[in-house]
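The structure appears below as structure tokens.
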Amino acid sequence: MSVFYVYQGTSYPSERDGGFVWAPKLNSQGHRNKGYTMMTNIKKGDFILHNLNGKLMAVSIAQTDCFDADKPTDKYGSGTPWDDDGYRVNTIYKELDRPVIVTDHKKWLAANHKDESAFTVQGTGKQQYMCALDDEHAVYLLEEAIKLQTTKETIKALRNALADIIGDKDSEYDQLEKETIDILIEKEEGPKPTWKGVKQPQEMTMSSSIERESPKRNSRIAADALRRADYKCEYDTKDRIFERKSGKGYTEPHHLIPISKYRDFDYKQCNLDTMENIVSLCSHCHNLLHYGKLDDKMPILEKIYKDRKDALKLVGLDISLEKLTEYYR
């Protein structure tokens, strides 16, 4: 899931009421524009934050991938100097009770500048229609928006959006899932699980925000992945681990390709929550992959990738080491 930030002007009321965002493919000079082509990166389930005249007015969830669409005649007059051929995303707006005056947060945005986000090094808005929004910026702006809201409905919607963004960024098992995995490990029975090498569609579930699907994690598959590895660290089987109360070694399941990246693959045909993509790691290696420096991560990534690249390809997860490394930067 990605987050975007759109700078709207007089088009905002029509787009809000019509439930969409639209941009021409070419600017008035007949050239392509980064703020317009950014639309093509939006996928169903992505979040969009809407800015009107320096105020954060609404949050929406994309209901479609970006698609080609003619200029809405009820929205733009015939005299508007824009190309009729454009990009459109249908989306559901949730307007704020009280907008966030973004210039009030200029100092923070400048101090926490991100090159690939919606703000300049001075903390002001970029001069383009649609921008990618860094997760840290999205979390900050939503937290500030929550402080200003007056109705429980809006506060709940923003908290749900915040939870989805943070949860998608972490892509980790929650506490209930961890407890379920522990129970399944204690009750293990039957032959040791093996890789099946079979493509299966990604299982999906409705997340906390209305109208938004997210990939489902199956605790049974995670437990089976740990058991297949004999509860040892797959980077170094001699790594020191402690024993569970049952006497089995304590290791943790980790999606080598983060499950949040499911849309980088044909997820209707292949599943990131598969044993071939779940690695058994000691706590040290697991935390290093999440929080360590890239140079320290690389030996782990290189070994596990080498061990699994063929198995991943069989289940439809064909990925290069270079692409995998991008996910861990």
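We name chains A, B, ... following the order of the structure tokens; residues begin at 1 in each chain, and ligands are numbered from 1 as shown.
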What's around Val102 of chain A at 12 Å? Count only C-alpha atoms, leave out sequence neighbours fewer than 6 positions away in its own chain, and write the answer as an MDAnalysis selection string. chainID A and resid 7 49:57 108:110 118:119 123:125 137 140:142 144:145
Would you save the residues from that selection as a short mmCIF file (atom, residue, chain, number, x, y, z; two decimals), in the first residue's frame, using C-alpha atoms?
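Result went into out39.cif, see below:
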data_model
loop_
_atom_site.label_atom_id
_atom_site.label_comp_id
_atom_site.auth_asym_id
_atom_site.auth_seq_id
_atom_site.Cartn_x
_atom_site.Cartn_y
_atom_site.Cartn_z
CA TYR A 7 -2.83 19.44 -4.54
CA LEU A 49 -4.49 12.94 1.27
CA HIS A 50 -6.22 15.95 -0.32
CA ASN A 51 -4.85 19.49 -0.06
CA LEU A 52 -6.89 22.54 -1.03
CA ASN A 53 -5.32 26.00 -0.78
CA GLY A 54 -2.79 24.92 1.85
CA LYS A 55 -5.24 22.93 3.95
CA LEU A 56 -5.47 19.18 4.37
CA MET A 57 -9.18 18.73 3.65
CA TRP A 108 8.57 20.04 11.09
CA LEU A 109 8.27 19.17 7.40
CA ALA A 110 11.51 21.04 6.66
CA ALA A 118 5.18 16.00 -1.27
CA PHE A 119 7.15 18.83 0.32
CA GLY A 123 8.69 22.48 4.19
CA THR A 124 6.38 24.01 1.58
CA GLY A 125 4.24 22.09 -0.87
CA HIS A 137 4.94 12.42 6.66
CA TYR A 140 2.61 12.85 11.20
CA LEU A 141 -0.14 14.66 9.26
CA LEU A 142 -2.80 12.12 10.26
CA GLU A 144 -2.06 16.13 13.74
CA ALA A 145 -5.43 15.86 11.97
#
Where in segment 2-179 of chain A does DSSP assign strand (DSSP E), given as a count of residues only? 49
Report the distance between atom CA of Gly35 of chain A and atom CA of Thr73 of chain A in Å, rounded to one decimal place.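 So the two atoms, atom CA of Gly35 of chain A and atom CA of Thr73 of chain A, lie 21.3 Å apart.
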Counting only C-alpha atoms, the option among A:Asp104, A:Asp296, A:Arg227, A:Gly316 closest to Tyr262 of chain A: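 Ranking A:Asp104, A:Asp296, A:Arg227, A:Gly316 by distance to Tyr262 of chain A, first place goes to A:Gly316.
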Can you work out which one of A:Asn112, A:Thr325, A:Asn41, A:Gln269 has the shortest atom-to-atom distance to Gln200 of chain A, counting only C-alpha atoms?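 Closest residue, counting only C-alpha atoms: A:Gln269.
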Neighbour list for Arg220 of chain A as a PyMOL selection string, cut-off 8 Å, only C-alpha atoms, skip fewer than 4 positions in-chain: chain A and resi 181+184+224
Next, dump the selected residues to file, keeping only N, CA and C atoms, as a short mmCIF file (atom, residue, chain, number, x, y, z; two decimals), in the first residue's frame.
data_model
loop_
_atom_site.label_atom_id
_atom_site.label_comp_id
_atom_site.auth_asym_id
_atom_site.auth_seq_id
_atom_site.Cartn_x
_atom_site.Cartn_y
_atom_site.Cartn_z
N ILE A 181 0.61 -18.75 16.60
CA ILE A 181 1.76 -19.51 16.09
C ILE A 181 2.37 -20.34 17.21
N LEU A 184 0.19 -23.40 17.87
CA LEU A 184 0.31 -24.39 16.81
C LEU A 184 1.62 -25.15 16.91
N ASP A 224 4.34 -23.79 10.22
CA ASP A 224 4.90 -24.87 9.40
C ASP A 224 6.29 -24.49 8.87
#
Excluding Cys233 of chain A and residues on its chain fewer than 5 positions from it, collect all residues at most 6 Å away from it, counting only C-alpha atoms, and give them as an NGL selection string. :A and (280-282)
Env of Asp84 of chain A: 9 Å cut, atoms = only C-alpha atoms, seq-sep filter 2 positions within chain, self excluded. Answer as a ChimeraX atom specification. /A:24-26,69-72,82,86
Could those residues be written to a file, using all heavy atoms, as a PDB file, in the first residue's frame?
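Listing of part-v4.pdb after writing:
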ATOM      1  N   PRO A  24      -4.931  15.497 -16.573  1.00  0.00           N
ATOM      2  CA  PRO A  24      -4.645  15.310 -18.002  1.00  0.00           C
ATOM      3  C   PRO A  24      -3.313  14.589 -18.191  1.00  0.00           C
ATOM      4  O   PRO A  24      -2.458  14.607 -17.307  1.00  0.00           O
ATOM      5  CB  PRO A  24      -4.574  16.739 -18.533  1.00  0.00           C
ATOM      6  CG  PRO A  24      -4.130  17.541 -17.352  1.00  0.00           C
ATOM      7  CD  PRO A  24      -4.776  16.900 -16.156  1.00  0.00           C
ATOM      8  N   LYS A  25      -3.140  13.963 -19.333  1.00  0.00           N
ATOM      9  CA  LYS A  25      -1.867  13.303 -19.621  1.00  0.00           C
ATOM     10  C   LYS A  25      -0.801  14.313 -20.020  1.00  0.00           C
ATOM     11  O   LYS A  25       0.392  14.080 -19.795  1.00  0.00           O
ATOM     12  CB  LYS A  25      -2.057  12.261 -20.720  1.00  0.00           C
ATOM     13  CG  LYS A  25      -2.888  11.058 -20.278  1.00  0.00           C
ATOM     14  CD  LYS A  25      -2.944   9.995 -21.354  1.00  0.00           C
ATOM     15  CE  LYS A  25      -3.732   8.782 -20.862  1.00  0.00           C
ATOM     16  NZ  LYS A  25      -3.812   7.727 -21.901  1.00  0.00           N
ATOM     17  N   LEU A  26      -1.240  15.440 -20.610  1.00  0.00           N
ATOM     18  CA  LEU A  26      -0.306  16.453 -21.078  1.00  0.00           C
ATOM     19  C   LEU A  26      -0.678  17.800 -20.480  1.00  0.00           C
ATOM     20  O   LEU A  26      -1.863  18.082 -20.237  1.00  0.00           O
ATOM     21  CB  LEU A  26      -0.321  16.546 -22.601  1.00  0.00           C
ATOM     22  CG  LEU A  26      -0.023  15.258 -23.377  1.00  0.00           C
ATOM     23  CD1 LEU A  26      -0.172  15.503 -24.872  1.00  0.00           C
ATOM     24  CD2 LEU A  26       1.364  14.725 -23.054  1.00  0.00           C
ATOM     25  N   ALA A  69      -8.968   7.959 -18.891  1.00  0.00           N
ATOM     26  CA  ALA A  69     -10.338   8.483 -18.909  1.00  0.00           C
ATOM     27  C   ALA A  69     -10.345   9.873 -19.515  1.00  0.00           C
ATOM     28  O   ALA A  69      -9.414  10.662 -19.314  1.00  0.00           O
ATOM     29  CB  ALA A  69     -10.921   8.533 -17.496  1.00  0.00           C
ATOM     30  N   ASP A  70     -11.402  10.167 -20.261  1.00  0.00           N
ATOM     31  CA  ASP A  70     -11.562  11.500 -20.826  1.00  0.00           C
ATOM     32  C   ASP A  70     -11.829  12.518 -19.725  1.00  0.00           C
ATOM     33  O   ASP A  70     -12.288  12.170 -18.629  1.00  0.00           O
ATOM     34  CB  ASP A  70     -12.713  11.524 -21.826  1.00  0.00           C
ATOM     35  CG  ASP A  70     -12.415  10.721 -23.081  1.00  0.00           C
ATOM     36  OD1 ASP A  70     -11.222  10.499 -23.370  1.00  0.00           O
ATOM     37  OD2 ASP A  70     -13.374  10.313 -23.763  1.00  0.00           O
ATOM     38  N   LYS A  71     -11.578  13.772 -20.027  1.00  0.00           N
ATOM     39  CA  LYS A  71     -11.842  14.864 -19.096  1.00  0.00           C
ATOM     40  C   LYS A  71     -13.328  14.886 -18.749  1.00  0.00           C
ATOM     41  O   LYS A  71     -14.175  14.870 -19.638  1.00  0.00           O
ATOM     42  CB  LYS A  71     -11.435  16.192 -19.735  1.00  0.00           C
ATOM     43  CG  LYS A  71     -11.703  17.413 -18.879  1.00  0.00           C
ATOM     44  CD  LYS A  71     -11.105  18.671 -19.486  1.00  0.00           C
ATOM     45  CE  LYS A  71     -11.742  19.010 -20.811  1.00  0.00           C
ATOM     46  NZ  LYS A  71     -11.181  20.255 -21.383  1.00  0.00           N
ATOM     47  N   PRO A  72     -13.672  14.885 -17.463  1.00  0.00           N
ATOM     48  CA  PRO A  72     -15.087  14.939 -17.074  1.00  0.00           C
ATOM     49  C   PRO A  72     -15.700  16.273 -17.507  1.00  0.00           C
ATOM     50  O   PRO A  72     -15.283  17.333 -17.052  1.00  0.00           O
ATOM     51  CB  PRO A  72     -15.042  14.816 -15.541  1.00  0.00           C
ATOM     52  CG  PRO A  72     -13.692  14.250 -15.232  1.00  0.00           C
ATOM     53  CD  PRO A  72     -12.785  14.779 -16.299  1.00  0.00           C
ATOM     54  N   TRP A  82      -6.450  22.215 -20.954  1.00  0.00           N
ATOM     55  CA  TRP A  82      -5.905  20.914 -20.608  1.00  0.00           C
ATOM     56  C   TRP A  82      -6.245  19.906 -21.690  1.00  0.00           C
ATOM     57  O   TRP A  82      -7.268  20.027 -22.375  1.00  0.00           O
ATOM     58  CB  TRP A  82      -6.473  20.420 -19.262  1.00  0.00           C
ATOM     59  CG  TRP A  82      -5.885  21.091 -18.066  1.00  0.00           C
ATOM     60  CD1 TRP A  82      -4.746  21.829 -18.010  1.00  0.00           C
ATOM     61  CD2 TRP A  82      -6.432  21.102 -16.744  1.00  0.00           C
ATOM     62  NE1 TRP A  82      -4.523  22.282 -16.735  1.00  0.00           N
ATOM     63  CE2 TRP A  82      -5.551  21.863 -15.935  1.00  0.00           C
ATOM     64  CE3 TRP A  82      -7.564  20.558 -16.169  1.00  0.00           C
ATOM     65  CZ2 TRP A  82      -5.775  22.073 -14.584  1.00  0.00           C
ATOM     66  CZ3 TRP A  82      -7.794  20.760 -14.823  1.00  0.00           C
ATOM     67  CH2 TRP A  82      -6.905  21.511 -14.039  1.00  0.00           C
ATOM     68  N   GLY A  86      -6.907  11.809 -20.268  1.00  0.00           N
ATOM     69  CA  GLY A  86      -6.289  11.900 -18.949  1.00  0.00           C
ATOM     70  C   GLY A  86      -6.259  10.608 -18.170  1.00  0.00           C
ATOM     71  O   GLY A  86      -6.548   9.520 -18.683  1.00  0.00           O
TER      72      GLY A  86
END
If you count only C-alpha atoms, the residue of A:His254, A:His284, A:Lys199, A:Arg263 closest to Leu314 of chain A turns out to be A:Lys199
Residues within 12 Å of Phe242 of chain A, please, as a PyMOL selection string. Count only C-alpha atoms; anything in the same chain fewer than 6 positions from it doesn't count. chain A and resi 231-233+248-252+282-284
Mind writing the picked residues with all heavy atoms as a CSV table (one decimal), in the first residue's frame?
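Okay, part_19.csv is ready:
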chain,number,residue,atom,x,y,z
A,231,TYR,N,13.2,-25.4,13.7
A,231,TYR,CA,13.3,-24.3,14.7
A,231,TYR,C,14.7,-23.8,14.8
A,231,TYR,O,15.2,-23.5,15.9
A,231,TYR,CB,12.7,-24.8,16.0
A,231,TYR,CG,11.3,-25.3,15.9
A,231,TYR,CD1,11.1,-26.7,15.9
A,231,TYR,CD2,10.2,-24.5,15.6
A,231,TYR,CE1,9.8,-27.2,15.8
A,231,TYR,CE2,9.0,-25.0,15.5
A,231,TYR,CZ,8.7,-26.3,15.5
A,231,TYR,OH,7.5,-26.8,15.4
A,232,LYS,N,15.4,-23.7,13.7
A,232,LYS,CA,16.8,-23.1,13.7
A,232,LYS,C,16.8,-21.9,12.8
A,232,LYS,O,16.0,-21.7,11.9
A,232,LYS,CB,17.8,-24.2,13.2
A,232,LYS,CG,17.9,-25.4,14.1
A,232,LYS,CD,18.9,-26.4,13.5
A,232,LYS,CE,19.0,-27.6,14.4
A,232,LYS,NZ,20.0,-28.6,13.9
A,233,CYS,N,17.8,-21.1,13.0
A,233,CYS,CA,18.0,-19.9,12.2
A,233,CYS,C,18.5,-20.3,10.8
A,233,CYS,O,19.5,-21.0,10.7
A,233,CYS,CB,19.0,-18.9,12.8
A,233,CYS,SG,19.3,-17.4,11.9
A,248,LYS,N,11.4,-26.9,22.1
A,248,LYS,CA,11.7,-26.5,20.7
A,248,LYS,C,12.4,-25.2,20.7
A,248,LYS,O,12.2,-24.3,21.5
A,248,LYS,CB,10.4,-26.4,19.9
A,248,LYS,CG,9.6,-27.7,19.9
A,248,LYS,CD,8.4,-27.6,19.0
A,248,LYS,CE,7.6,-28.9,19.0
A,248,LYS,NZ,6.9,-29.1,20.3
A,249,GLY,N,13.3,-25.0,19.7
A,249,GLY,CA,14.1,-23.8,19.6
A,249,GLY,C,13.2,-22.6,19.3
A,249,GLY,O,12.2,-22.8,18.5
A,250,TYR,N,13.5,-21.4,19.8
A,250,TYR,CA,12.7,-20.2,19.6
A,250,TYR,C,13.3,-19.5,18.4
A,250,TYR,O,14.4,-18.9,18.4
A,250,TYR,CB,12.7,-19.3,20.8
A,250,TYR,CG,11.9,-18.1,20.5
A,250,TYR,CD1,10.5,-18.1,20.6
A,250,TYR,CD2,12.5,-16.9,20.0
A,250,TYR,CE1,9.7,-16.9,20.3
A,250,TYR,CE2,11.8,-15.8,19.7
A,250,TYR,CZ,10.4,-15.8,19.9
A,250,TYR,OH,9.6,-14.7,19.6
A,251,THR,N,12.6,-19.6,17.3
A,251,THR,CA,12.9,-18.7,16.1
A,251,THR,C,11.6,-18.0,15.7
A,251,THR,O,10.5,-18.3,16.2
A,251,THR,CB,13.4,-19.6,14.9
A,251,THR,OG1,12.5,-20.6,14.6
A,251,THR,CG2,14.8,-20.2,15.2
A,252,GLU,N,11.8,-17.0,14.8
A,252,GLU,CA,10.6,-16.2,14.4
A,252,GLU,C,10.4,-16.2,12.9
A,252,GLU,O,11.4,-16.3,12.1
A,252,GLU,CB,10.9,-14.7,14.9
A,252,GLU,CG,11.1,-14.6,16.4
A,252,GLU,CD,11.6,-13.3,16.8
A,252,GLU,OE1,12.0,-12.4,15.9
A,252,GLU,OE2,11.6,-13.0,18.0
A,282,CYS,N,16.6,-16.4,13.9
A,282,CYS,CA,16.8,-16.1,15.3
A,282,CYS,C,16.4,-14.7,15.6
A,282,CYS,O,16.3,-13.9,14.6
A,282,CYS,CB,18.2,-16.3,15.8
A,282,CYS,SG,19.4,-15.2,15.0
A,283,SER,N,16.1,-14.3,16.8
A,283,SER,CA,15.7,-12.9,17.1
A,283,SER,C,16.7,-11.9,16.6
A,283,SER,O,16.3,-10.8,16.1
A,283,SER,CB,15.5,-12.8,18.6
A,283,SER,OG,14.4,-13.6,19.0
A,284,HIS,N,18.0,-12.2,16.7
A,284,HIS,CA,19.0,-11.2,16.3
A,284,HIS,C,18.9,-10.9,14.8
A,284,HIS,O,18.9,-9.8,14.4
A,284,HIS,CB,20.4,-11.7,16.7
A,284,HIS,CG,21.5,-10.9,16.1
A,284,HIS,ND1,21.9,-9.7,16.7
A,284,HIS,CD2,22.3,-11.1,15.0
A,284,HIS,CE1,22.9,-9.2,16.0
A,284,HIS,NE2,23.1,-10.0,15.0
Mind listing the helix (DSSP H, G or I) residues of segment 173-202 of chain A, per DSSP on the backbone, as a ChimeraX atom specification? /A:175-186
Set the distance at 8 Å and use only C-alpha atoms: which residues neighbour Cys131 of chain A once local chain neighbours fewer than 2 positions away are removed? I'd like the list as a PyMOL selection string. chain A and resi 4-6+35+38+117-118+128-129+133
Can you spit out the residues from that selection as a tab-separated table (two decimals), in the first residue's frame, using N, CA and C atoms?
chain	number	residue	atom	x	y	z
A	4	PHE	N	-0.42	8.83	-1.19
A	4	PHE	CA	-0.21	9.92	-2.13
A	4	PHE	C	-0.80	11.21	-1.55
A	5	TYR	N	-0.34	12.33	-2.10
A	5	TYR	CA	-0.77	13.65	-1.63
A	5	TYR	C	-1.12	14.47	-2.87
A	6	VAL	N	-2.35	14.96	-2.96
A	6	VAL	CA	-2.80	15.66	-4.15
A	6	VAL	C	-3.10	17.12	-3.82
A	35	GLY	N	3.65	15.54	-12.08
A	35	GLY	CA	2.50	15.53	-11.19
A	35	GLY	C	1.29	14.84	-11.77
A	38	MET	N	2.32	10.83	-12.15
A	38	MET	CA	2.32	10.17	-10.83
A	38	MET	C	1.01	9.42	-10.60
A	117	SER	N	8.88	12.84	-1.40
A	117	SER	CA	7.61	13.11	-0.74
A	117	SER	C	7.00	14.38	-1.33
A	118	ALA	N	5.99	14.94	-0.67
A	118	ALA	CA	5.18	16.00	-1.27
A	118	ALA	C	5.61	17.40	-0.89
A	128	GLN	N	3.23	20.52	-7.90
A	128	GLN	CA	2.75	19.49	-8.81
A	128	GLN	C	1.45	18.92	-8.28
A	129	TYR	N	0.64	18.37	-9.18
A	129	TYR	CA	-0.70	17.93	-8.82
A	129	TYR	C	-0.68	16.74	-7.85
A	133	LEU	N	3.71	10.35	-1.08
A	133	LEU	CA	3.86	10.89	0.27
A	133	LEU	C	4.60	9.88	1.13
Restricting to only C-alpha atoms, whichever of A:Glu95, A:Leu162, A:Asp230, A:Thr274 is closest to Lys192 of chain A is A:Asp230
Nearest-residue call for Phe67 of chain A, choices A:Gly45, A:Ala23, A:His105, A:Val198, using only C-alpha atoms: A:Ala23
